[in-house]
>>> print(open('start-v5.txt').read())   # compact mmCIF, C-alpha atoms
# COMPACT_ATOMS: atom_id res chain seq x y z
CA MET A 916 0.00 0.00 0.00
CA PRO A 917 1.39 3.46 -0.87
CA LEU A 918 2.63 5.64 1.96
CA HIS A 919 -0.32 7.78 3.06
CA ASP A 920 -1.53 9.83 6.01
CA LYS A 921 -4.75 9.60 8.01
CA PHE A 922 -6.43 12.11 5.68
CA GLY A 923 -5.90 9.86 2.67
CA ARG A 924 -3.13 11.94 1.10
CA VAL A 925 -0.57 9.77 -0.72
CA ILE A 926 3.04 10.76 0.00
CA THR A 927 5.17 10.64 -3.13
CA ASP A 928 7.56 13.60 -2.72
CA LEU A 929 10.62 13.67 -0.46
CA ARG A 930 12.79 16.70 0.21
CA ILE A 931 16.20 16.07 1.75
CA SER A 932 18.29 18.91 3.16
CA ILE A 933 21.91 17.85 2.80
CA THR A 934 23.38 20.83 4.63
CA ASP A 935 22.34 23.57 7.01
CA ARG A 936 25.03 25.90 5.62
CA CYS A 937 24.36 28.65 3.09
CA ASN A 938 26.62 31.17 1.35
CA TYR A 939 23.80 33.74 1.01
CA LYS A 940 22.04 35.74 3.73
CA CYS A 941 18.71 36.54 2.10
CA VAL A 942 16.74 39.02 4.18
CA TYR A 943 13.48 37.05 4.06
CA CYS A 944 15.24 33.93 5.34
CA ARG A 945 18.13 34.83 7.62
CA THR A 946 19.04 37.52 10.13
CA GLY A 947 22.61 37.53 8.88
CA ASN A 948 23.85 36.88 12.41
CA GLU A 949 23.31 33.12 12.68
CA GLY A 950 25.19 30.45 10.80
CA ALA A 951 24.45 26.75 10.58
CA LEU A 952 22.69 25.39 13.65
CA TYR A 953 22.47 21.70 12.73
CA GLY A 954 25.03 19.24 11.45
CA ASP A 955 25.27 17.33 8.17
CA LEU A 956 25.11 13.56 7.90
CA PRO A 957 27.32 11.33 5.75
CA PHE A 958 25.81 10.86 2.31
CA GLU A 959 25.39 7.12 2.84
CA ASP A 960 22.93 7.88 5.64
CA TYR A 961 20.81 10.11 3.42
CA LEU A 962 21.03 7.43 0.74
CA ARG A 963 19.72 4.75 3.05
CA MET A 964 16.81 6.98 4.07
CA ALA A 965 16.02 7.60 0.41
CA ARG A 966 16.26 3.88 -0.43
CA VAL A 967 13.77 2.98 2.26
CA LEU A 968 11.35 5.75 1.28
CA VAL A 969 11.55 4.92 -2.43
CA GLY A 970 10.62 1.39 -1.47
CA MET A 971 7.58 2.85 0.29
CA GLY A 972 6.34 4.75 -2.76
CA ILE A 973 8.39 7.94 -3.05
CA THR A 974 8.82 8.87 -6.72
CA LYS A 975 10.38 12.35 -6.45
CA VAL A 976 13.39 13.41 -4.41
CA ARG A 977 14.44 17.06 -4.14
CA LEU A 978 17.80 18.01 -2.62
CA THR A 979 17.79 21.24 -0.64
CA GLY A 980 19.69 23.14 2.02
CA GLY A 981 21.00 25.53 3.13
CA GLU A 982 22.83 25.57 -0.16
CA PRO A 983 23.20 21.94 -1.33
CA LEU A 984 26.00 22.68 -3.80
CA LEU A 985 28.27 23.55 -0.88
CA ARG A 986 28.45 19.84 0.01
CA LYS A 987 31.52 18.12 -1.39
CA GLY A 988 30.41 14.90 -3.06
CA VAL A 989 26.93 16.07 -4.08
CA VAL A 990 27.44 14.94 -7.70
CA GLU A 991 28.28 11.40 -6.60
CA PHE A 992 25.30 11.44 -4.25
CA VAL A 993 23.04 12.29 -7.19
CA ARG A 994 24.64 9.45 -9.15
CA GLU A 995 23.80 6.99 -6.37
CA LEU A 996 20.25 8.31 -6.03
CA ALA A 997 19.75 7.89 -9.77
CA LYS A 998 20.27 4.13 -9.37
CA LEU A 999 17.11 3.89 -7.29
CA ARG A 1000 13.88 2.97 -9.02
CA PRO A 1001 10.38 3.69 -7.73
CA GLN A 1002 7.40 1.35 -8.13
CA GLY A 1003 8.06 -0.70 -5.04
CA LEU A 1004 11.75 -1.56 -5.34
CA LYS A 1005 12.79 -3.02 -2.00
CA PRO A 1006 15.78 -0.88 -1.02
CA ALA A 1007 19.15 -2.51 -0.53
CA SER A 1008 20.04 -2.24 3.14
CA PHE A 1009 22.73 -0.01 4.54
CA SER A 1010 21.84 -1.17 8.06
CA ARG A 1011 24.33 -2.21 10.65
CA ASP A 1012 22.77 -5.67 10.51
CA VAL A 1013 24.32 -6.03 7.07
CA ALA A 1014 27.50 -4.25 8.09
CA ARG A 1015 28.06 -6.72 10.89
CA ALA A 1016 28.34 -9.58 8.42
CA PRO A 1017 31.73 -8.94 6.80
CA ARG A 1018 33.56 -11.38 4.63
CA PRO A 1019 37.31 -11.53 3.98
CA ARG A 1020 38.41 -8.75 1.70
CA THR A 1021 39.68 -9.83 -1.70
CA SER A 1022 41.97 -8.11 -4.18
CA GLY A 1023 38.95 -7.36 -6.33
CA ASP A 1024 37.68 -5.02 -3.64
CA ASP A 1025 40.41 -2.45 -4.20
CA ALA A 1026 38.72 -0.75 -7.15
CA ALA A 1027 35.44 -0.65 -5.27
CA VAL A 1028 37.16 0.96 -2.32
CA GLY A 1029 38.62 3.65 -4.55
CA GLU A 1030 35.21 4.46 -6.00
CA ALA A 1031 33.56 4.38 -2.59
CA GLU A 1032 36.12 6.70 -1.01
CA ALA A 1033 35.19 9.39 -3.52
CA PHE A 1034 31.54 9.10 -2.51
CA TYR A 1035 32.03 8.60 1.23
CA PRO A 1036 34.81 11.12 2.08
CA ASP A 1037 33.86 11.17 5.76
CA SER A 1038 34.18 7.40 6.05
CA ALA A 1039 37.10 6.63 3.75
CA VAL A 1040 39.31 5.21 6.48
CA ALA A 1041 36.54 2.99 7.79
CA LEU A 1042 35.63 1.43 4.46
CA ALA A 1043 38.13 -1.39 4.83
CA ASP A 1044 36.31 -2.48 7.97
CA PRO A 1045 32.56 -3.02 7.55
CA ARG A 1046 32.08 -3.09 11.32
CA ALA A 1047 32.98 0.63 11.43
CA GLY A 1048 29.57 1.55 10.07
CA ALA A 1049 30.43 2.50 6.45
CA PRO A 1050 29.37 0.24 3.57
CA ALA A 1051 31.92 -2.37 2.63
CA PRO A 1052 32.89 -2.80 -1.05
CA HIS A 1053 30.90 -6.01 -1.51
CA ILE A 1054 27.81 -4.28 -0.08
CA LEU A 1055 28.27 -1.39 -2.50
CA ARG A 1056 28.52 -3.84 -5.40
CA SER A 1057 25.41 -5.65 -4.23
CA ASN A 1058 23.47 -2.40 -4.11
CA ARG A 1059 24.59 -1.49 -7.61
CA ALA A 1060 23.66 -4.91 -8.94
CA GLU A 1061 20.22 -4.78 -7.35
CA ALA A 1062 19.52 -1.30 -8.66
CA SER A 1063 20.72 -2.19 -12.17
CA SER A 1064 18.17 -4.99 -12.40
CA PHE A 1065 15.42 -2.36 -12.33
CA HIS A 1066 16.66 -0.23 -15.23
CA GLY A 1067 13.49 -1.02 -17.16
CA SER A 1068 11.27 0.79 -14.66
CA GLU A 1069 10.64 4.51 -14.47
CA PRO A 1070 13.63 6.49 -13.15
CA LEU A 1071 13.47 8.42 -9.93
CA ASP A 1072 12.68 12.11 -10.46
CA ILE A 1073 15.62 13.92 -8.83
CA ALA A 1074 15.50 17.70 -8.46
CA LEU A 1075 17.62 20.27 -6.68
CA THR A 1076 16.90 23.71 -5.25
CA THR A 1077 19.88 26.08 -5.22
CA ASN A 1078 20.70 29.75 -5.01
CA GLY A 1079 22.59 29.20 -8.26
CA HIS A 1080 25.85 30.82 -7.19
CA MET A 1081 27.89 27.67 -7.88
CA LEU A 1082 25.64 26.16 -10.54
CA ALA A 1083 27.46 27.26 -13.68
CA GLU A 1084 30.46 25.01 -13.07
CA MET A 1085 28.39 22.08 -11.79
CA ALA A 1086 25.29 21.95 -14.00
CA GLN A 1087 26.61 19.55 -16.63
CA SER A 1088 28.17 17.18 -14.09
CA LEU A 1089 24.89 17.08 -12.14
CA LYS A 1090 22.94 16.34 -15.31
CA ASP A 1091 25.38 13.60 -16.31
CA ALA A 1092 25.03 12.08 -12.83
CA GLY A 1093 21.25 11.82 -13.18
CA LEU A 1094 19.77 15.10 -11.91
CA THR A 1095 16.47 15.67 -13.68
CA ARG A 1096 15.70 19.33 -13.05
CA VAL A 1097 16.69 22.34 -11.01
CA THR A 1098 15.02 25.27 -9.28
CA VAL A 1099 17.01 28.45 -8.72
CA SER A 1100 16.10 30.95 -5.99
CA MET A 1101 16.41 34.48 -7.38
CA ASP A 1102 14.49 37.39 -5.91
CA ALA A 1103 15.33 40.25 -8.27
CA VAL A 1104 16.45 40.71 -11.87
CA ASP A 1105 18.22 43.94 -10.99
CA PRO A 1106 21.83 43.35 -9.83
CA ASP A 1107 21.77 46.07 -7.15
CA ARG A 1108 18.44 44.93 -5.74
CA PHE A 1109 19.67 41.33 -5.83
CA ALA A 1110 22.72 42.29 -3.76
CA ARG A 1111 20.52 44.06 -1.19
CA ILE A 1112 18.35 40.98 -0.79
CA THR A 1113 21.12 38.38 -0.66
CA ARG A 1114 23.70 40.57 1.08
CA VAL A 1115 26.28 39.13 -1.32
CA PRO A 1116 28.03 41.52 -3.74
CA ASN A 1117 28.22 40.58 -7.43
CA GLY A 1118 26.09 37.48 -6.93
CA TYR A 1119 23.61 38.27 -9.70
CA ASP A 1120 26.04 37.50 -12.54
CA HIS A 1121 26.95 34.14 -10.97
CA VAL A 1122 23.29 33.16 -10.67
CA LEU A 1123 22.41 34.25 -14.20
CA ALA A 1124 25.36 32.22 -15.51
CA GLY A 1125 24.13 29.24 -13.50
CA ILE A 1126 20.62 29.49 -14.94
CA ARG A 1127 21.96 29.58 -18.48
CA ALA A 1128 24.35 26.69 -17.83
CA ALA A 1129 21.50 24.59 -16.43
CA ARG A 1130 19.40 25.30 -19.49
CA ARG A 1131 22.26 24.28 -21.80
CA ALA A 1132 22.78 21.09 -19.80
CA GLY A 1133 19.13 20.12 -20.26
CA LEU A 1134 18.08 20.38 -16.61
CA TRP A 1135 14.44 20.83 -17.45
CA PRO A 1136 11.96 22.18 -16.55
CA LEU A 1137 14.09 25.00 -15.22
CA LYS A 1138 12.28 27.07 -12.60
CA VAL A 1139 13.24 30.34 -10.97
CA ASN A 1140 11.65 31.04 -7.57
CA CYS A 1141 11.10 34.59 -6.35
CA VAL A 1142 9.85 35.34 -2.82
CA LEU A 1143 7.93 38.63 -2.92
CA MET A 1144 7.90 41.05 0.01
CA ARG A 1145 5.88 44.22 0.06
CA GLY A 1146 8.04 47.29 0.14
CA PHE A 1147 11.09 45.38 -0.97
CA ASN A 1148 10.75 43.69 -4.36
CA GLU A 1149 7.10 43.69 -5.50
CA ASP A 1150 8.16 46.03 -8.31
CA GLN A 1151 10.04 43.05 -9.80
CA ILE A 1152 6.85 41.27 -10.90
CA ILE A 1153 6.74 42.64 -14.44
CA PRO A 1154 10.55 42.48 -14.92
CA PHE A 1155 10.36 38.80 -13.95
CA GLY A 1156 7.60 38.28 -16.53
CA MET A 1157 9.98 39.69 -19.13
CA PHE A 1158 12.77 37.50 -17.78
CA ALA A 1159 10.62 34.36 -18.15
CA ARG A 1160 10.00 35.16 -21.80
CA GLU A 1161 13.57 36.17 -22.62
CA GLU A 1162 15.38 33.35 -20.79
CA GLY A 1163 12.91 30.55 -21.52
CA VAL A 1164 12.42 29.62 -17.85
CA THR A 1165 9.37 29.26 -15.62
CA VAL A 1166 9.31 32.02 -13.00
CA ARG A 1167 7.39 31.16 -9.84
CA PHE A 1168 6.39 33.83 -7.35
CA ILE A 1169 6.10 32.71 -3.72
CA GLU A 1170 4.05 34.43 -1.07
CA PHE A 1171 6.22 35.40 1.90
CA MET A 1172 5.67 32.93 4.76
CA PRO A 1173 6.47 33.20 8.49
CA LEU A 1174 9.59 31.04 8.31
CA GLU A 1175 12.38 33.63 8.57
CA GLU A 1176 14.97 33.69 11.37
CA GLY A 1177 14.03 37.17 12.55
CA ARG A 1178 10.36 36.23 13.09
CA THR A 1179 9.31 39.63 11.65
CA TRP A 1180 6.60 38.33 9.31
CA ALA A 1181 3.28 40.17 9.19
CA PRO A 1182 0.25 39.73 6.89
CA SER A 1183 0.87 43.19 5.46
CA THR A 1184 4.21 42.04 3.98
CA VAL A 1185 2.55 39.38 1.81
CA VAL A 1186 2.08 40.10 -1.90
CA THR A 1187 -0.85 37.82 -2.71
CA LEU A 1188 -1.67 35.70 -5.74
CA ASP A 1189 -4.48 38.04 -6.80
CA GLU A 1190 -2.20 41.06 -6.61
CA ILE A 1191 0.51 39.30 -8.63
CA LEU A 1192 -1.97 38.41 -11.36
CA ALA A 1193 -3.33 41.97 -11.49
CA ARG A 1194 0.16 43.44 -11.71
CA MET A 1195 1.27 41.02 -14.44
CA ALA A 1196 -1.90 41.73 -16.44
CA GLU A 1197 -0.65 45.30 -16.79
CA TYR A 1198 2.20 43.85 -18.83
CA ARG A 1199 0.54 41.03 -20.78
CA PRO A 1200 -2.59 38.90 -20.39
CA LEU A 1201 -2.20 35.50 -18.74
CA VAL A 1202 -4.07 32.25 -19.32
CA GLU A 1203 -4.26 29.66 -16.55
CA ILE A 1204 -3.06 26.19 -17.55
CA PRO A 1205 -3.77 22.84 -15.83
CA HIS A 1206 -1.61 21.63 -12.97
CA ALA A 1207 -1.50 18.45 -10.91
CA ARG A 1208 -3.53 18.49 -7.70
CA SER A 1209 -0.45 18.02 -5.56
CA GLU A 1210 1.54 20.77 -7.30
CA THR A 1211 2.31 23.74 -5.10
CA ALA A 1212 2.05 26.32 -7.89
CA ARG A 1213 -0.85 27.55 -9.95
CA ARG A 1214 0.41 27.85 -13.52
CA TYR A 1215 -0.13 30.53 -16.13
CA ARG A 1216 1.09 31.13 -19.67
CA PHE A 1217 1.22 34.44 -21.44
CA GLU A 1218 -1.60 34.76 -23.95
CA ASP A 1219 0.75 34.64 -26.95
CA GLY A 1220 2.18 31.32 -25.70
CA VAL A 1221 5.65 32.66 -24.91
CA GLY A 1222 6.69 32.30 -21.28
CA GLU A 1223 5.21 30.68 -18.19
CA ILE A 1224 4.85 31.83 -14.61
CA GLY A 1225 3.64 30.05 -11.50
CA ILE A 1226 2.36 31.37 -8.20
CA ILE A 1227 2.81 29.50 -4.92
CA ALA A 1228 0.22 30.98 -2.57
CA PRO A 1229 0.24 29.12 0.76
CA VAL A 1230 -0.99 32.20 2.62
CA SER A 1231 -3.89 33.44 0.48
CA HIS A 1232 -4.78 30.16 -1.28
CA PRO A 1233 -3.56 27.21 0.85
CA PHE A 1234 -3.13 23.84 -0.88
CA CYS A 1235 -2.67 21.65 2.20
CA GLY A 1236 -5.51 19.32 1.22
CA HIS A 1237 -3.45 17.86 -1.61
CA CYS A 1238 -0.01 17.89 0.02
CA SER A 1239 2.15 14.93 -1.04
CA ARG A 1240 5.41 15.94 0.66
CA ILE A 1241 7.54 15.13 3.66
CA ARG A 1242 10.99 16.50 4.50
CA ILE A 1243 14.20 15.22 6.04
CA THR A 1244 16.40 17.83 7.71
CA SER A 1245 20.18 17.93 7.42
CA ASP A 1246 20.48 16.22 10.80
CA GLY A 1247 18.15 13.39 9.80
CA LYS A 1248 14.78 14.35 11.24
CA ILE A 1249 11.47 13.93 9.44
CA ARG A 1250 9.16 16.93 9.19
CA THR A 1251 5.68 16.31 7.88
CA CYS A 1252 4.90 20.00 7.26
CA LEU A 1253 6.91 23.18 6.82
CA PHE A 1254 5.04 24.52 9.83
CA SER A 1255 5.46 21.51 12.10
CA VAL A 1256 6.17 22.37 15.71
CA TRP A 1257 8.01 19.08 16.23
CA ASP A 1258 10.15 16.72 14.20
CA HIS A 1259 10.87 12.99 14.29
CA ASP A 1260 14.40 11.64 14.57
CA LEU A 1261 14.88 9.07 11.80
CA HIS A 1262 18.64 9.15 12.13
CA ALA A 1263 18.39 8.21 15.81
CA GLN A 1264 16.63 5.00 14.73
CA MET A 1265 19.52 4.27 12.37
CA ARG A 1266 22.11 4.94 15.07
CA ARG A 1267 20.34 2.43 17.30
CA GLY A 1268 20.77 -0.20 14.59
CA ALA A 1269 17.21 -0.34 13.23
CA SER A 1270 16.63 -2.62 10.26
CA ASP A 1271 14.99 -1.29 7.08
CA ASP A 1272 11.70 -2.88 8.14
CA GLU A 1273 11.90 -1.07 11.46
CA LEU A 1274 12.65 2.20 9.68
CA GLU A 1275 9.58 1.67 7.52
CA GLU A 1276 7.43 1.15 10.60
CA PHE A 1277 8.82 4.33 12.15
CA ILE A 1278 8.20 6.34 8.97
CA GLN A 1279 4.65 5.04 8.66
CA SER A 1280 3.92 6.03 12.26
CA VAL A 1281 5.28 9.53 11.63
CA VAL A 1282 3.38 10.08 8.39
CA ALA A 1283 0.19 8.97 10.14
CA LYS A 1284 0.57 12.09 12.31
CA LYS A 1285 0.96 14.51 9.38
CA GLU A 1286 -0.86 17.76 10.05
CA GLU A 1287 -4.10 18.44 8.20
CA ARG A 1288 -3.12 22.02 7.37
CA HIS A 1289 -1.17 25.05 8.54
CA HIS A 1290 -2.73 27.92 10.50
CA ILE A 1291 -0.98 30.99 9.06
CA GLY A 1292 -2.82 34.18 9.92
CA GLU A 1293 -5.12 32.50 12.45
CA ALA A 1294 -5.32 33.38 16.13
CA ASP A 1295 -3.97 29.97 17.17
CA PHE A 1296 -1.00 30.01 14.77
CA VAL A 1297 2.19 28.72 16.37
CA PRO A 1298 5.45 29.40 14.47
CA ALA A 1299 7.32 26.39 13.13
CA SER A 1300 9.97 24.97 15.44
CA ARG A 1301 12.62 25.63 12.77
CA THR A 1302 13.02 28.41 10.23
CA MET A 1303 13.22 27.69 6.50
CA VAL A 1304 17.00 27.64 6.15
CA HIS A 1305 17.18 25.02 8.92
CA ILE A 1306 14.36 22.90 7.46
CA GLY A 1307 15.23 22.77 3.77
CA GLY A 1308 13.10 24.42 1.09
>>> encode(input="start-v5.txt", output="structure tokens")
Amino acid sequence: MPLHDKFGRVITDLRISITDRCNYKCVYCRTGNEGALYGDLPFEDYLRMARVLVGMGITKVRLTGGEPLLRKGVVEFVRELAKLRPQGLKPASFSRDVARAPRPRTSGDDAAVGEAEAFYPDSAVALADPRAGAPAPHILRSNRAEASSFHGSEPLDIALTTNGHMLAEMAQSLKDAGLTRVTVSMDAVDPDRFARITRVPNGYDHVLAGIRAARRAGLWPLKVNCVLMRGFNEDQIIPFGMFAREEGVTVRFIEFMPLEEGRTWAPSTVVTLDEILARMAEYRPLVEIPHARSETARRYRFEDGVGEIGIIAPVSHPFCGHCSRIRITSDGKIRTCLFSVWDHDLHAQMRRGASDDELEEFIQSVVAKKEERHHIGEADFVPASRTMVHIGG
């Protein structure tokens, strides 16, 4: 049976934050005074989590942060994720139960060790000894063999959300490794305004180069996300419409949510879906186009067929009733909603030596508690226990 919550929503989308670190200090996200608050896990731990969840019905995995491209080894991680296949593939185990069953190392393991050390930099020394907790070479080969037997099934949809600063030099390698698509966060198309928002000088040119490199590499659909804040960048709506048409990307406007470190959000700062549509209509007429029920964005195309925009409106037009997502934080905790006031420690289960079956039971029990909806703007609203940069977008 597919993974589902008590409200009947099927969970097919997984977002994994692979780092709490970020090289930008966007004003709607961070105070600029705090750095990373939570640690990163070894990639093999994220991979095991993904394997188990793919076996439970996950079909889409999005890598987030922080800034995920800061993690050394992210390309190899994408390559390993791309070997997973949805449609009920029973994940190969990375559990300590397997790791405790070593066999004598043979000369044929040396090549596997070399390959593994590139992917598991934090565990390179331990690879020769399976009891140390890192996958042994014969386990890695077994995983590859099992995954390869499912090449006929649909591939896993692997996406990545990035600020784009490092994307230009990595786009082709990520595509070659198996990344399907990319979303770039970009909150102004004016270089000076961009620098004010990100608090990083000369970042705009890096991000624009990254967007163009991703398009050349075939990371498609290519989406550009813009968080709008009244009094700060709502005058960028029409320029972004022009940008969508000129650059051949989908621009998605996001209503500002109460997830920033400074906790300064107020309803008056939100530029709503209706206001965005009215402002864009001053430039060119829009036509709404169909979108999947579980999609976060309402989609629109310009009347002449050139250019697409989307609007993610969790404040003015909530879409909680069709939510298909769960998140894993950089330190290995499951969050069933952006606005959860608690999280569930999946990595602690792994540290205790849980088998894959036990992890599945834990995940099912967590998803069963998924919140029905958020309460933004209501009298009983309680802020999320983590802010966005520490959850993963």
>>> closest_residue(input="start-v5.txt", among="A:Val1185, A:Met1172, A:Val969, A:Ile926", to="A:Phe1254", atoms="only C-alpha atoms")
A:Met1172
>>> residues_near_point(input="start-v5.txt", point="(7.8, 0.0, -0.6)", cutoff="12 Å", atoms="all atoms listed in the file", output="number ranges by chain")
A: 916-919, 926-927, 965-974, 1000-1007, 1271-1272, 1274-1276, 1278-1279
>>> write_last_selection(input="start-v5.txt", atoms="C-alpha atoms", output="CSV table (one decimal), in the coordinates of the input")
chain,number,residue,atom,x,y,z
A,916,MET,CA,0.0,0.0,0.0
A,917,PRO,CA,1.4,3.5,-0.9
A,918,LEU,CA,2.6,5.6,2.0
A,919,HIS,CA,-0.3,7.8,3.1
A,926,ILE,CA,3.0,10.8,0.0
A,927,THR,CA,5.2,10.6,-3.1
A,965,ALA,CA,16.0,7.6,0.4
A,966,ARG,CA,16.3,3.9,-0.4
A,967,VAL,CA,13.8,3.0,2.3
A,968,LEU,CA,11.4,5.8,1.3
A,969,VAL,CA,11.6,4.9,-2.4
A,970,GLY,CA,10.6,1.4,-1.5
A,971,MET,CA,7.6,2.8,0.3
A,972,GLY,CA,6.3,4.8,-2.8
A,973,ILE,CA,8.4,7.9,-3.0
A,974,THR,CA,8.8,8.9,-6.7
A,1000,ARG,CA,13.9,3.0,-9.0
A,1001,PRO,CA,10.4,3.7,-7.7
A,1002,GLN,CA,7.4,1.4,-8.1
A,1003,GLY,CA,8.1,-0.7,-5.0
A,1004,LEU,CA,11.8,-1.6,-5.3
A,1005,LYS,CA,12.8,-3.0,-2.0
A,1006,PRO,CA,15.8,-0.9,-1.0
A,1007,ALA,CA,19.2,-2.5,-0.5
A,1271,ASP,CA,15.0,-1.3,7.1
A,1272,ASP,CA,11.7,-2.9,8.1
A,1274,LEU,CA,12.6,2.2,9.7
A,1275,GLU,CA,9.6,1.7,7.5
A,1276,GLU,CA,7.4,1.2,10.6
A,1278,ILE,CA,8.2,6.3,9.0
A,1279,GLN,CA,4.6,5.0,8.7
>>> atom_distance(input="start-v5.txt", atom1="atom CA of A:Ile1227", atom2="atom CA of A:Leu996")
27.5 Å
>>> residues_around(input="start-v5.txt", residues="A:Ile933", least_positions_apart="4", cutoff="10 Å", atoms="all atoms listed in the file", output="list of chain:residue names")
A:Gly954, A:Asp955, A:Leu956, A:Pro957, A:Phe958, A:Tyr961, A:Leu978, A:Thr979, A:Gly980, A:Gly981, A:Glu982, A:Pro983, A:Leu984, A:Leu985, A:Arg986, A:Val989, A:Ile1243, A:Thr1244, A:Ser1245, A:Asp1246, A:Gly1247, A:Gly1307
>>> atom_distance(input="start-v5.txt", atom1="atom CA of A:Thr1165", atom2="atom CA of A:Leu999")
27.8 Å
>>> closest_atom_pairs(input="start-v5.txt", of="stretch 1062-1161 of chain A", to="stretch 1195-1219 of chain A", cutoff="8 Å", atoms="all atoms listed in the file", output="JSON lines")
{"residue": "A:Ile1152", "atom": "CA", "partner": "A:Met1195", "partner_atom": "CA", "distance": 6.6}
{"residue": "A:Ile1153", "atom": "CA", "partner": "A:Met1195", "partner_atom": "CA", "distance": 5.7}
{"residue": "A:Gly1156", "atom": "CA", "partner": "A:Met1195", "partner_atom": "CA", "distance": 7.2}
>>> write_last_selection(input="start-v5.txt", atoms="C-alpha atoms", output="compact mmCIF listing (two decimals), keeping the file's coordinate frame")
# COMPACT_ATOMS: atom_id res chain seq x y z
CA ILE A 1152 6.85 41.27 -10.90
CA ILE A 1153 6.74 42.64 -14.44
CA GLY A 1156 7.60 38.28 -16.53
>>> atom_distance(input="start-v5.txt", atom1="atom CA of A:Gly1163", atom2="atom CA of A:Thr1098")
13.5 Å
>>> closest_residue(input="start-v5.txt", among="A:Phe1168, A:Phe1158, A:Phe1147, A:Trp1257", to="A:Thr1184", atoms="only C-alpha atoms")
A:Phe1147
>>> residues_around(input="start-v5.txt", residues="A:Thr1095", least_positions_apart="6", cutoff="7 Å", atoms="all atoms listed in the file", output="ChimeraX atom specification")
/A:1072-1074,1134-1135
>>> closest_residue(input="start-v5.txt", among="A:Lys921, A:Arg1167, A:Lys1285, A:Arg1160", to="A:Val1099", atoms="all atoms listed in the file")
A:Arg1167
>>> closest_residue(input="start-v5.txt", among="A:Val1256, A:Met1157, A:Met1085, A:Ala1092", to="A:Ala1124", atoms="all atoms listed in the file")
A:Met1085
>>> closest_residue(input="start-v5.txt", among="A:Val1122, A:Ala1129, A:Met1081, A:Val925", to="A:Ala1283", atoms="all atoms listed in the file")
A:Val925
>>> closest_residue(input="start-v5.txt", among="A:Cys937, A:Ala1110, A:Ala1181, A:Ala1086", to="A:Ile1126", atoms="only C-alpha atoms")
A:Ala1086
